Amino acid sequence: MTDDTEGTYDKPRQIRVPDDEWVPFEAATKAAHPTGRSPRARVVREFIRWYMRRPGAKLPARPPAGPWSEPPSGS
């Protein structure tokens, strides 16, 4: 498993997420993880490890409520 601070990158994966969720997700992850190569990818990787019950994996930390907490307009 590579560390988030290493200079190597994993193979890119595709995931389909609507823009009205993906864009605010970036703001929320930056609030919780202001440093690192990609806060969104980091949180997704943490969630996957937790979901699979990997030893030592923890559910990713969530930021306090913010503008990303509101439902998108038109919902």
# chains A, B, ... in the order shown; residues from 1 in each chain; ligands from 1
$ residues_around --residues "region 32-44 of chain A" --least-positions-apart "4" --cutoff "8 Å" --atoms "only C-alpha atoms" --output "ChimeraX atom specification"
/A:4-5,25-26,28,48,60-63
$ select_by_dssp --residues "chain A" --states "helix (DSSP H, G or I)" --output "ChimeraX atom specification"
/A:19-32,39-51,67-69
$ closest_residue --among "A:Asp19, A:Tyr51, A:Glu46, A:Thr29" --to "Pro64 (chain A)" --atoms "only C-alpha atoms"
A:Thr29
$ atom_distance --atom1 "CA of Ala31 (chain A)" --atom2 "CA of Glu70 (chain A)"
15.4 Å
$ closest_residue --among "A:Arg45, A:Gly56, A:Trp50, A:Ser69" --to "Asp10 (chain A)" --atoms "only C-alpha atoms"
A:Arg45
$ residues_around --residues "Phe47 (chain A)" --least-positions-apart "6" --cutoff "9 Å" --atoms "only C-alpha atoms" --output "list in words"
Ala57, Lys58, Leu59 and Pro60 of chain A
$ residues_around --residues "Ser73 (chain A)" --least-positions-apart "4" --cutoff "12 Å" --atoms "only C-alpha atoms" --output "VMD selection string"
chain A and resid 20 to 21 67 to 69
